[in-house]
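Chemist: This structure is in structure tokens; I'll ask about it shortly.
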Amino acid sequence: MARIAMIGAGMGAMAAAARLAVAGHRVAVYERTRTYGGALRRFERDGFSFDTGPGLLPLPAVWRDLFVKTGKEPLESCVELLQVDPSSRHVFADGTDVSLPNASRAGVVASLDAALGPTAGQRWGDFLVRARETWDRTRRPLLEEPLWPNWEVLADREPYPAVPHKRLLRTRRAGTLADIGAWELRDPRLAALLESHALAYGLDPRTAPANAAVLPYMEYAFGMWYVRGGGLRELARAVYERCLARRVEFHFDAEVTGIVEKDGRVAGVELTEGALAEAEFVVAGVAPGVLDRLCGGSVVRGGGEVPPQRGAASRVTVLLALRGGRPEGAAHRTVVHAPDREAELEALFGSAAGMAARPTVTVLRPDDPALVPDSGHEAVTLTSVVPAGGVADAGDHAERLLDVAERAIPDLRDRLLWHEVRTPADVAAVTGVADGAVPVPALAGAGGQLLHPANGTRMGGLFTVGGWSHPGGGLPHAGMSGALVAGLIVEGPEFRGSQ
């Protein structure tokens with residue numbers, strides 16, 4: 001039985017902690033803030049409650065697996081997990097409006113045909129077939145196995161299949177997600193639908209590799225889920241309580257100031273005021289810059305390894321308290337697409353990155369009595385992608401989001417009681433990432449730019465977990481990261497992932 005110190009109480013770290021405790025290790029978690037959950041936080045005011053991080057859960061099987069492996073109670077006995085239907089509603093620049101059913105390829109095809117015209121659904125359905133092939137090729141090496149030592153193979157290979165071109169009598173391979181939209185979908189609305197999945201993760205579809213097709217595939221294959229009774233913060237609570245049940249120790253308001261090394265191996269962590277917590281293993285759920293600081297200049301990554309990612313986009317979130325109840329049949333999630341997609345991408349990812357004048361906005365309207373003071377009110381969340389580091393005027397940007405959201409909720413301003421704005425600075429305060437950047441999922445190709453460093457490091461006994469290490473950002477990836485780290489510690493370097 002080893003003593004293990006966990007830095008941070010994010011979702012990946014807690015997933016690793018629960019698994020390690022079940023394996024018989026003594027696990028202590030040191031969290032610099034006053035609560036658990038990482039980005040899965042909650043804001044409450046006047047009887048309203050809001051998720052301030054992700055609002056929907058893709059691929060819940062990852063968290064179901066955690067609960068199966070760490071106790072007798074399954075996930076569904078700890079939280080009320082519901083598929084949202086429709087999965088999403090999309091309001092396009094030309095006014096076209098389509099709602100897409102959850103986890104139903106045939107239903108999605110029929111809805112797109114009805115809204116966008118004959119063959120639109122078929123083109124999207126054909127794309128999903130290719131996206132599934134991409135998923136099958138990348139699922140294990142990118143999500144379920146430790147990062148390969150020869151990771152360059154993943155960096156150099158584009159797993160999205162080439163598509164035969166009937167007129168040219170040859171095949172053509174898309175290099176980016178934007179290529180898929182232009183060459184294969186051939187409808188600006190379908191292209192916007194595709195690209196919105198990448199943009200939601202802070203990826204520029206003009207440069208994101210074609211295998212980013214797995215992002216929409218996960219949604220359409222496995223569905224989108226919500227935790228009724230308080231939102232995704234309730235998932236964090238359930239994981240925290242599972243850790244407590246497995247006798248994981250939590251220390252809040254306990255900032256780690258350094259990682260102690262002895263003879264090339266970790267010996268513990270230093271806390272504020274010089275306290276030392278001894279440990280045979282240390283698992284760091286922190287951003288690359290924080291890890292560098294904690295190691296006091298020691299080189300724990302480098303050489304031929306995947307370099308740490310340090311640049312990514314962030315989010316602005318506007319929390320709306322509305323008078324009047326949620327209308328029956330309202331979509332849980334509506335994506336209002338930018339009127340000028342290219343202008344939005346250039347504003348976000350161009351040389352002078354800044355705010356888009358009319359951004360793509362995601363509107364979340366959960367059907368959950370736990371979020372409102374009574375049935376005569378509604379809690380709504382608006383989200384848009386912004387450059388990491390912040391926005392010039394958060395109030396101005398919030399007004400832009402409100403203007404856009406009126407296309408989804410026409411009486412929005414008449415019903416508005418108050419609103420709260422959460423900026424990249426708030427993300428930074430919660431996660432410890434200096435510019436509030438949000439990590440992206442690992443993707444193949446693109447020269448390895450969207451891979452993340454391996455969970456092991458050059459320092460013996462030091463591992464990393466969470467969105468800034470393999471397999472990258474996103475709630476499913478956090479859970480997979482925890483499983484990989486636990487496997488590497490319990491089974492050693494020979495661990496090759498779940499079977």
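By order of appearance in the structure tokens: chains A, B, ..., then residues from 1 within every chain, and ligands from 1 in the order shown.
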Using only C-alpha atoms, which residues sit within 10 Å of stretch 455-457 of chain A once same-chain residues fewer than 6 positions away are excluded, as a compact mmCIF listing (two decimals) with N, CA and C atoms, in the first residue's frame?
Modeler:
```txt
# COMPACT_ATOMS: atom_id res chain seq x y z
N PRO A 146 -2.38 4.31 -22.63
CA PRO A 146 -1.36 5.33 -22.39
C PRO A 146 -0.78 5.82 -23.72
N LEU A 147 -0.35 7.05 -23.74
CA LEU A 147 0.19 7.60 -24.98
C LEU A 147 1.36 6.75 -25.46
N VAL A 283 0.33 12.68 -8.04
CA VAL A 283 -0.47 12.83 -9.26
C VAL A 283 -0.91 14.29 -9.33
N ALA A 284 -0.48 14.98 -10.37
CA ALA A 284 -0.74 16.42 -10.50
C ALA A 284 -1.83 16.67 -11.53
N VAL A 299 13.41 19.46 -15.04
CA VAL A 299 12.85 19.11 -16.35
C VAL A 299 12.13 17.77 -16.22
N VAL A 300 10.80 17.83 -16.20
CA VAL A 300 10.03 16.60 -16.10
C VAL A 300 9.39 16.25 -17.43
N ARG A 301 9.45 17.18 -18.37
CA ARG A 301 8.99 16.92 -19.73
C ARG A 301 10.00 17.53 -20.69
N GLY A 302 10.01 17.04 -21.92
CA GLY A 302 10.91 17.62 -22.90
C GLY A 302 11.50 16.55 -23.80
N GLU A 305 9.38 14.10 -26.28
CA GLU A 305 8.00 13.91 -25.84
C GLU A 305 7.08 14.93 -26.49
N PHE A 463 3.05 11.63 -11.85
CA PHE A 463 2.12 11.44 -12.95
C PHE A 463 1.25 12.69 -13.08
N THR A 464 0.68 12.86 -14.28
CA THR A 464 -0.24 13.98 -14.49
C THR A 464 -1.58 13.44 -14.93
N VAL A 465 -2.64 14.17 -14.58
CA VAL A 465 -4.00 13.75 -14.86
C VAL A 465 -4.81 14.98 -15.25
N GLY A 466 -5.90 14.77 -15.96
CA GLY A 466 -6.77 15.88 -16.30
C GLY A 466 -6.56 16.39 -17.71
N TRP A 468 -4.97 18.71 -19.26
CA TRP A 468 -3.72 19.19 -19.84
C TRP A 468 -2.72 18.06 -20.06
N SER A 469 -3.17 16.82 -19.87
CA SER A 469 -2.34 15.67 -20.19
C SER A 469 -3.21 14.67 -20.95
N HIS A 470 -2.58 13.64 -21.47
CA HIS A 470 -3.28 12.63 -22.27
C HIS A 470 -4.49 12.08 -21.51
N PRO A 471 -5.69 11.99 -22.12
CA PRO A 471 -6.04 12.27 -23.51
C PRO A 471 -6.71 13.61 -23.75
N SER A 481 -8.60 9.80 -18.35
CA SER A 481 -7.29 10.16 -17.81
C SER A 481 -7.09 9.55 -16.42
N GLY A 482 -8.13 9.65 -15.59
CA GLY A 482 -8.03 9.05 -14.26
C GLY A 482 -7.82 7.55 -14.30
N LEU A 484 -6.36 5.85 -16.74
CA LEU A 484 -5.02 5.57 -17.23
C LEU A 484 -3.97 5.75 -16.13
N VAL A 485 -4.09 6.82 -15.37
CA VAL A 485 -3.11 7.07 -14.30
C VAL A 485 -3.20 5.97 -13.24
N LEU A 488 -1.48 2.89 -14.59
CA LEU A 488 -0.02 3.01 -14.63
C LEU A 488 0.60 2.86 -13.24
N ILE A 489 -0.08 3.36 -12.22
CA ILE A 489 0.46 3.23 -10.86
C ILE A 489 0.27 1.82 -10.32
N PRO A 493 4.58 0.30 -15.75
CA PRO A 493 4.75 0.72 -17.14
C PRO A 493 4.18 -0.25 -18.15
```
Chemist: Using only C-alpha atoms, what table do you get, as a Markdown table, when you list each residue of stretch 161-235 of chain A with an atom no more than 12 Å from stretch 87-110 of chain A, its nearest pair of atoms, and their distance in Å rounded to one decimal, rows by chain then rising number?
Modeler:
```
| residue | atom | partner | partner_atom | distance |
| --- | --- | --- | --- | --- |
| A:Asp187 | CA | A:Phe92 | CA | 11.6 |
| A:Pro188 | CA | A:Phe92 | CA | 9.2 |
| A:Arg189 | CA | A:Phe92 | CA | 6.4 |
| A:Leu190 | CA | A:Phe92 | CA | 9.5 |
| A:Ala191 | CA | A:Phe92 | CA | 10.6 |
| A:Ala192 | CA | A:Phe92 | CA | 7.9 |
| A:Leu193 | CA | A:His90 | CA | 7.7 |
| A:Leu194 | CA | A:His90 | CA | 11.3 |
| A:Ser196 | CA | A:His90 | CA | 9.9 |
| A:His197 | CA | A:Ser88 | CA | 11.4 |
| A:Pro216 | CA | A:Ala103 | CA | 11.0 |
| A:Tyr217 | CA | A:Ala103 | CA | 9.7 |
| A:Met218 | CA | A:Ala103 | CA | 9.2 |
| A:Glu219 | CA | A:Ala103 | CA | 7.1 |
| A:Tyr220 | CA | A:Ala103 | CA | 4.8 |
| A:Ala221 | CA | A:Ala103 | CA | 5.3 |
| A:Phe222 | CA | A:Ala103 | CA | 5.8 |
| A:Gly223 | CA | A:Ala103 | CA | 4.6 |
| A:Met224 | CA | A:Ser87 | CA | 6.2 |
| A:Trp225 | CA | A:Ser87 | CA | 8.6 |
| A:Tyr226 | CA | A:Ser87 | CA | 10.5 |
```
Chemist: Export, as a compact mmCIF listing (two decimals), in the first residue's frame, the selected residues with N, CA and C atoms.
Modeler:
```
# COMPACT_ATOMS: atom_id res chain seq x y z
N ASP A 187 -23.04 22.31 -48.16
CA ASP A 187 -24.15 23.18 -47.77
C ASP A 187 -23.65 24.02 -46.62
N PRO A 188 -23.72 25.35 -46.71
CA PRO A 188 -23.16 26.18 -45.63
C PRO A 188 -23.79 25.91 -44.28
N ARG A 189 -25.05 25.47 -44.27
CA ARG A 189 -25.69 25.17 -42.99
C ARG A 189 -25.16 23.86 -42.40
N LEU A 190 -24.97 22.85 -43.24
CA LEU A 190 -24.36 21.62 -42.75
C LEU A 190 -22.92 21.86 -42.30
N ALA A 191 -22.20 22.71 -43.05
CA ALA A 191 -20.83 23.04 -42.65
C ALA A 191 -20.83 23.75 -41.30
N ALA A 192 -21.79 24.67 -41.10
CA ALA A 192 -21.88 25.36 -39.81
C ALA A 192 -22.20 24.38 -38.69
N LEU A 193 -23.10 23.42 -38.96
CA LEU A 193 -23.42 22.39 -37.98
C LEU A 193 -22.18 21.60 -37.59
N LEU A 194 -21.43 21.17 -38.59
CA LEU A 194 -20.20 20.42 -38.33
C LEU A 194 -19.20 21.25 -37.54
N SER A 196 -19.55 23.80 -35.68
CA SER A 196 -19.94 24.23 -34.33
C SER A 196 -19.47 23.24 -33.28
N HIS A 197 -19.32 21.97 -33.65
CA HIS A 197 -18.83 20.97 -32.69
C HIS A 197 -17.36 21.23 -32.34
N PRO A 216 -18.49 15.41 -33.26
CA PRO A 216 -19.93 15.23 -33.48
C PRO A 216 -20.35 13.77 -33.44
N TYR A 217 -19.46 12.85 -33.84
CA TYR A 217 -19.83 11.44 -33.82
C TYR A 217 -20.18 10.99 -32.41
N MET A 218 -19.41 11.39 -31.41
CA MET A 218 -19.69 11.00 -30.04
C MET A 218 -21.10 11.41 -29.63
N GLU A 219 -21.49 12.61 -30.04
CA GLU A 219 -22.82 13.10 -29.67
C GLU A 219 -23.91 12.30 -30.36
N TYR A 220 -23.76 12.07 -31.66
CA TYR A 220 -24.84 11.42 -32.40
C TYR A 220 -24.87 9.92 -32.16
N ALA A 221 -23.76 9.33 -31.74
CA ALA A 221 -23.73 7.89 -31.47
C ALA A 221 -24.13 7.54 -30.05
N PHE A 222 -23.69 8.34 -29.09
CA PHE A 222 -23.87 7.99 -27.68
C PHE A 222 -24.82 8.93 -26.94
N GLY A 223 -25.27 9.98 -27.62
CA GLY A 223 -26.25 10.88 -27.02
C GLY A 223 -25.63 11.94 -26.13
N MET A 224 -26.46 12.90 -25.77
CA MET A 224 -26.08 13.95 -24.82
C MET A 224 -26.96 13.81 -23.59
N TRP A 225 -26.35 13.97 -22.42
CA TRP A 225 -27.01 13.65 -21.16
C TRP A 225 -26.94 14.83 -20.20
N TYR A 226 -27.93 14.86 -19.32
CA TYR A 226 -28.01 15.91 -18.30
C TYR A 226 -28.27 15.24 -16.95
```
Chemist: Can you work out the spacing between atom CA of A:Gly285 and atom CA of A:Ala236 in Å, to one decimal?
Modeler: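 We find that atom CA of A:Gly285 and atom CA of A:Ala236 lie 15.3 Å from each other.
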Chemist: Nearest to A:Cys243: which of A:Met11, A:Ala398, A:Ala21, A:Val84 is it, counting only C-alpha atoms?
Modeler: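 Residue with the minimum atom-to-atom distance to A:Cys243: A:Ala21.
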Chemist: Please identify all polymer residues within 12 Å of A:Leu185, counting only C-alpha atoms, omitting same-chain residues fewer than 4 positions from it, and present them as a list in words.
Modeler: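 The neighbour list is Leu112, Leu116, Thr119, Ala120, Gly121, Gln122, Arg123, Trp124, Gly125, Asp126, Phe127, Leu128, Val163, Ala174, Leu177, Ala178, Asp179, Ile180, Gly181, Arg189, Leu190, Ala191, Ala192, Leu193, Leu194 and Glu195 of chain A.
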Chemist: Apply DSSP to the structure's backbone, then extract all residues of stretch 355-492 of chain A labelled strand (DSSP E or B) and return them as a PDB file with C-alpha atoms, in the first residue's frame.
Modeler:
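Result went into selection34.pdb, see below:
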```pdb
ATOM      1  CA  VAL A 361     -23.949  31.287 -28.976  1.00  0.00           C
ATOM      2  CA  THR A 362     -25.068  28.140 -27.173  1.00  0.00           C
ATOM      3  CA  VAL A 363     -28.298  28.579 -25.179  1.00  0.00           C
ATOM      4  CA  LEU A 364     -29.006  26.032 -22.429  1.00  0.00           C
ATOM      5  CA  HIS A 377     -39.110  31.237 -13.336  1.00  0.00           C
ATOM      6  CA  GLU A 378     -36.465  29.878 -15.701  1.00  0.00           C
ATOM      7  CA  ALA A 379     -32.669  29.572 -15.457  1.00  0.00           C
ATOM      8  CA  VAL A 380     -30.854  29.973 -18.793  1.00  0.00           C
ATOM      9  CA  THR A 381     -27.143  29.851 -19.623  1.00  0.00           C
ATOM     10  CA  LEU A 382     -25.486  31.482 -22.646  1.00  0.00           C
ATOM     11  CA  THR A 383     -21.963  30.529 -23.720  1.00  0.00           C
ATOM     12  CA  SER A 384     -19.575  31.673 -26.433  1.00  0.00           C
ATOM     13  CA  VAL A 385     -15.931  31.009 -27.207  1.00  0.00           C
ATOM     14  CA  VAL A 386     -13.452  33.848 -26.673  1.00  0.00           C
ATOM     15  CA  PRO A 387      -9.660  34.055 -26.827  1.00  0.00           C
ATOM     16  CA  LEU A 416     -34.860  39.195 -17.727  1.00  0.00           C
ATOM     17  CA  LEU A 417     -34.622  39.725 -13.964  1.00  0.00           C
ATOM     18  CA  TRP A 418     -30.827  39.814 -13.724  1.00  0.00           C
ATOM     19  CA  HIS A 419     -27.736  38.290 -15.247  1.00  0.00           C
ATOM     20  CA  GLU A 420     -24.227  37.337 -14.132  1.00  0.00           C
ATOM     21  CA  VAL A 421     -21.191  37.208 -16.415  1.00  0.00           C
ATOM     22  CA  ARG A 422     -18.414  34.622 -16.016  1.00  0.00           C
ATOM     23  CA  PRO A 441      -9.487  16.819 -26.540  1.00  0.00           C
ATOM     24  CA  GLY A 456       3.984   9.668 -16.864  1.00  0.00           C
ATOM     25  CA  GLY A 460       9.944   8.716 -10.944  1.00  0.00           C
ATOM     26  CA  LEU A 462       5.202  11.720 -10.732  1.00  0.00           C
ATOM     27  CA  PHE A 463       2.120  11.443 -12.949  1.00  0.00           C
ATOM     28  CA  THR A 464      -0.239  13.977 -14.485  1.00  0.00           C
ATOM     29  CA  GLY A 472      -6.898  15.959 -23.190  1.00  0.00           C
TER      30      GLY A 472
END
```
Chemist: I'd like the neighbourhood of A:Leu82 as a list in words, where a residue qualifies if any of its atoms comes within 12 Å (using only C-alpha atoms), though same-chain residues fewer than 5 positions away should be ignored.
Modeler: Leu56, Leu57, Pro58, Pro60, Leu75, Glu76, Ser87, Asn102, Gly223, Met224, Trp225, Tyr226, Val227, Arg228, Gly229, Gly231, Leu232, His332, Pro366, Asp367 and Asp368 of chain A
Chemist: Could you write out that same residue set with C-alpha atoms as a PDB file, in the first residue's frame?
Modeler:
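Below is the file that was written, part_27.pdb:
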```
ATOM      1  CA  LEU A  56     -24.177  18.504 -20.862  1.00  0.00           C
ATOM      2  CA  LEU A  57     -22.374  15.176 -20.697  1.00  0.00           C
ATOM      3  CA  PRO A  58     -21.279  13.161 -23.740  1.00  0.00           C
ATOM      4  CA  PRO A  60     -21.506   8.805 -19.908  1.00  0.00           C
ATOM      5  CA  LEU A  75     -23.898   5.774 -11.383  1.00  0.00           C
ATOM      6  CA  GLU A  76     -27.663   5.891 -11.939  1.00  0.00           C
ATOM      7  CA  SER A  87     -30.142  16.641 -28.598  1.00  0.00           C
ATOM      8  CA  ASN A 102     -30.823  12.417 -29.542  1.00  0.00           C
ATOM      9  CA  GLY A 223     -26.245  10.880 -27.017  1.00  0.00           C
ATOM     10  CA  MET A 224     -26.077  13.951 -24.822  1.00  0.00           C
ATOM     11  CA  TRP A 225     -27.007  13.653 -21.165  1.00  0.00           C
ATOM     12  CA  TYR A 226     -28.015  15.907 -18.297  1.00  0.00           C
ATOM     13  CA  VAL A 227     -27.995  15.326 -14.538  1.00  0.00           C
ATOM     14  CA  ARG A 228     -31.427  16.264 -13.265  1.00  0.00           C
ATOM     15  CA  GLY A 229     -31.615  17.675  -9.768  1.00  0.00           C
ATOM     16  CA  GLY A 231     -26.988  19.871 -13.264  1.00  0.00           C
ATOM     17  CA  LEU A 232     -23.517  18.454 -13.868  1.00  0.00           C
ATOM     18  CA  HIS A 332     -32.562  21.980 -23.766  1.00  0.00           C
ATOM     19  CA  PRO A 366     -32.614  22.836 -18.604  1.00  0.00           C
ATOM     20  CA  ASP A 367     -35.971  21.393 -17.591  1.00  0.00           C
ATOM     21  CA  ASP A 368     -35.009  21.065 -13.935  1.00  0.00           C
TER      22      ASP A 368
END
```
Chemist: Where does DSSP see helix (DSSP H, G or I) in stretch 5-38 of chain A, if you list the residues as a VMD selection string?
Modeler: chain A and resid 11 to 22
Chemist: Would you write out those residues with N, CA and C atoms, as a PDB file, in the first residue's frame?
Modeler:
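Generated output (out.pdb):
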```
ATOM      1  N   MET A  11     -12.095  16.615 -11.847  1.00  0.00           N
ATOM      2  CA  MET A  11     -12.782  15.362 -12.141  1.00  0.00           C
ATOM      3  C   MET A  11     -11.806  14.243 -12.499  1.00  0.00           C
ATOM      4  N   GLY A  12     -10.760  14.549 -13.254  1.00  0.00           N
ATOM      5  CA  GLY A  12      -9.779  13.526 -13.577  1.00  0.00           C
ATOM      6  C   GLY A  12      -9.051  13.037 -12.338  1.00  0.00           C
ATOM      7  N   ALA A  13      -8.685  13.984 -11.465  1.00  0.00           N
ATOM      8  CA  ALA A  13      -7.977  13.616 -10.243  1.00  0.00           C
ATOM      9  C   ALA A  13      -8.855  12.758  -9.339  1.00  0.00           C
ATOM     10  N   MET A  14     -10.123  13.126  -9.189  1.00  0.00           N
ATOM     11  CA  MET A  14     -11.002  12.324  -8.327  1.00  0.00           C
ATOM     12  C   MET A  14     -11.260  10.949  -8.933  1.00  0.00           C
ATOM     13  N   ALA A  15     -11.342  10.873 -10.271  1.00  0.00           N
ATOM     14  CA  ALA A  15     -11.510   9.560 -10.905  1.00  0.00           C
ATOM     15  C   ALA A  15     -10.321   8.660 -10.612  1.00  0.00           C
ATOM     16  N   ALA A  16      -9.114   9.225 -10.668  1.00  0.00           N
ATOM     17  CA  ALA A  16      -7.920   8.449 -10.339  1.00  0.00           C
ATOM     18  C   ALA A  16      -7.893   8.089  -8.862  1.00  0.00           C
ATOM     19  N   ALA A  17      -8.269   9.040  -8.002  1.00  0.00           N
ATOM     20  CA  ALA A  17      -8.221   8.812  -6.558  1.00  0.00           C
ATOM     21  C   ALA A  17      -9.121   7.655  -6.149  1.00  0.00           C
ATOM     22  N   ALA A  18     -10.345   7.619  -6.679  1.00  0.00           N
ATOM     23  CA  ALA A  18     -11.273   6.539  -6.313  1.00  0.00           C
ATOM     24  C   ALA A  18     -10.729   5.186  -6.746  1.00  0.00           C
ATOM     25  N   ARG A  19     -10.192   5.095  -7.950  1.00  0.00           N
ATOM     26  CA  ARG A  19      -9.663   3.827  -8.443  1.00  0.00           C
ATOM     27  C   ARG A  19      -8.443   3.390  -7.640  1.00  0.00           C
ATOM     28  N   LEU A  20      -7.573   4.332  -7.301  1.00  0.00           N
ATOM     29  CA  LEU A  20      -6.375   3.986  -6.541  1.00  0.00           C
ATOM     30  C   LEU A  20      -6.717   3.550  -5.121  1.00  0.00           C
ATOM     31  N   ALA A  21      -7.720   4.197  -4.533  1.00  0.00           N
ATOM     32  CA  ALA A  21      -8.127   3.809  -3.181  1.00  0.00           C
ATOM     33  C   ALA A  21      -8.701   2.392  -3.168  1.00  0.00           C
ATOM     34  N   VAL A  22      -9.482   2.054  -4.193  1.00  0.00           N
ATOM     35  CA  VAL A  22     -10.036   0.701  -4.286  1.00  0.00           C
ATOM     36  C   VAL A  22      -8.919  -0.330  -4.440  1.00  0.00           C
TER      37      VAL A  22
END
```
Chemist: Skip A:Ala437 itself and residues of its chain fewer than 2 positions away, then list as a PyMOL selection string all residues within 8 Å of it, counting only C-alpha atoms.
Modeler: chain A and resi 311-314+388-389+424+427-428+433-435+439
Chemist: Could those selected residues go to a file with C-alpha atoms, as a PDB file, in the first residue's frame?
Modeler:
```pdb
ATOM      1  CA  GLY A 311      -2.506  27.920 -25.857  1.00  0.00           C
ATOM      2  CA  ALA A 312      -6.244  27.368 -26.137  1.00  0.00           C
ATOM      3  CA  ALA A 313      -9.460  29.339 -26.224  1.00  0.00           C
ATOM      4  CA  SER A 314     -11.649  30.207 -23.247  1.00  0.00           C
ATOM      5  CA  ALA A 388      -7.843  32.909 -23.704  1.00  0.00           C
ATOM      6  CA  GLY A 389      -6.792  35.801 -21.526  1.00  0.00           C
ATOM      7  CA  PRO A 424     -11.858  33.783 -18.548  1.00  0.00           C
ATOM      8  CA  VAL A 427     -12.166  30.224 -15.264  1.00  0.00           C
ATOM      9  CA  ALA A 428      -8.598  31.025 -14.208  1.00  0.00           C
ATOM     10  CA  VAL A 433      -4.810  28.217 -15.497  1.00  0.00           C
ATOM     11  CA  ALA A 434      -3.375  31.710 -15.763  1.00  0.00           C
ATOM     12  CA  ASP A 435      -5.284  32.869 -18.855  1.00  0.00           C
ATOM     13  CA  PRO A 439      -7.940  22.323 -22.815  1.00  0.00           C
TER      14      PRO A 439
END
```
Chemist: Pick out the residues sitting within 7 Å of A:Gly53, and hand them over as an NGL selection string; count only C-alpha atoms, and ignore anything fewer than 6 positions along from it in its own chain.
Modeler: :A and (39-41)
Chemist: Could you save those same residues with C-alpha atoms as a CSV table (one decimal), in the first residue's frame?
Modeler:
```csv
chain,number,residue,atom,x,y,z
A,39,ALA,CA,-14.5,23.3,-13.7
A,40,LEU,CA,-17.8,21.7,-12.6
A,41,ARG,CA,-18.9,24.5,-10.3
```
Chemist: When you look at A:Leu443 with a cut-off of 10 Å (counting only C-alpha atoms), what residues show up, excluding the ones that are within fewer than 4 positions of it in the same chain? I need them as a PDB file with C-alpha atoms, in the first residue's frame.
Modeler:
```
ATOM      1  CA  THR A 138      -8.569   6.347 -32.942  1.00  0.00           C
ATOM      2  CA  LEU A 142      -6.158   8.302 -28.231  1.00  0.00           C
ATOM      3  CA  LEU A 143      -8.508   7.555 -25.334  1.00  0.00           C
ATOM      4  CA  LEU A 154      -0.371   9.412 -34.326  1.00  0.00           C
ATOM      5  CA  ALA A 155       0.911  12.855 -35.216  1.00  0.00           C
ATOM      6  CA  GLU A 158      -4.800  11.402 -40.603  1.00  0.00           C
ATOM      7  CA  PRO A 159      -7.307   8.652 -39.770  1.00  0.00           C
ATOM      8  CA  ALA A 208      -8.550  21.405 -36.833  1.00  0.00           C
ATOM      9  CA  PRO A 209      -7.665  18.034 -38.422  1.00  0.00           C
ATOM     10  CA  ALA A 210     -10.369  16.121 -40.240  1.00  0.00           C
ATOM     11  CA  ASN A 211     -10.464  13.476 -37.496  1.00  0.00           C
ATOM     12  CA  ALA A 212     -12.123  16.100 -35.287  1.00  0.00           C
ATOM     13  CA  ALA A 213     -15.147  14.434 -36.914  1.00  0.00           C
ATOM     14  CA  VAL A 214     -15.153  12.186 -33.836  1.00  0.00           C
ATOM     15  CA  LEU A 215     -16.506  15.120 -31.781  1.00  0.00           C
ATOM     16  CA  GLY A 448       0.874  16.305 -33.061  1.00  0.00           C
ATOM     17  CA  GLN A 449      -0.260  19.836 -32.205  1.00  0.00           C
ATOM     18  CA  LEU A 450      -3.448  18.488 -30.597  1.00  0.00           C
ATOM     19  CA  LEU A 451      -1.903  15.600 -28.717  1.00  0.00           C
ATOM     20  CA  HIS A 452      -1.203  16.000 -25.009  1.00  0.00           C
ATOM     21  CA  PRO A 471      -6.045  12.268 -23.512  1.00  0.00           C
ATOM     22  CA  GLY A 472      -6.898  15.959 -23.190  1.00  0.00           C
TER      23      GLY A 472
END
```
Chemist: With distances taken over only C-alpha atoms, which of A:Gly479, A:Gly487, A:Gly117, A:Gly8 is nearest to A:Val62?
Modeler: A:Gly479
Chemist: Nearest residue to A:Glu241 out of A:Val79, A:Leu475, A:Ala454, A:Val430, using only C-alpha atoms?
Modeler: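 For A:Glu241, the nearest of the candidates is A:Val79.
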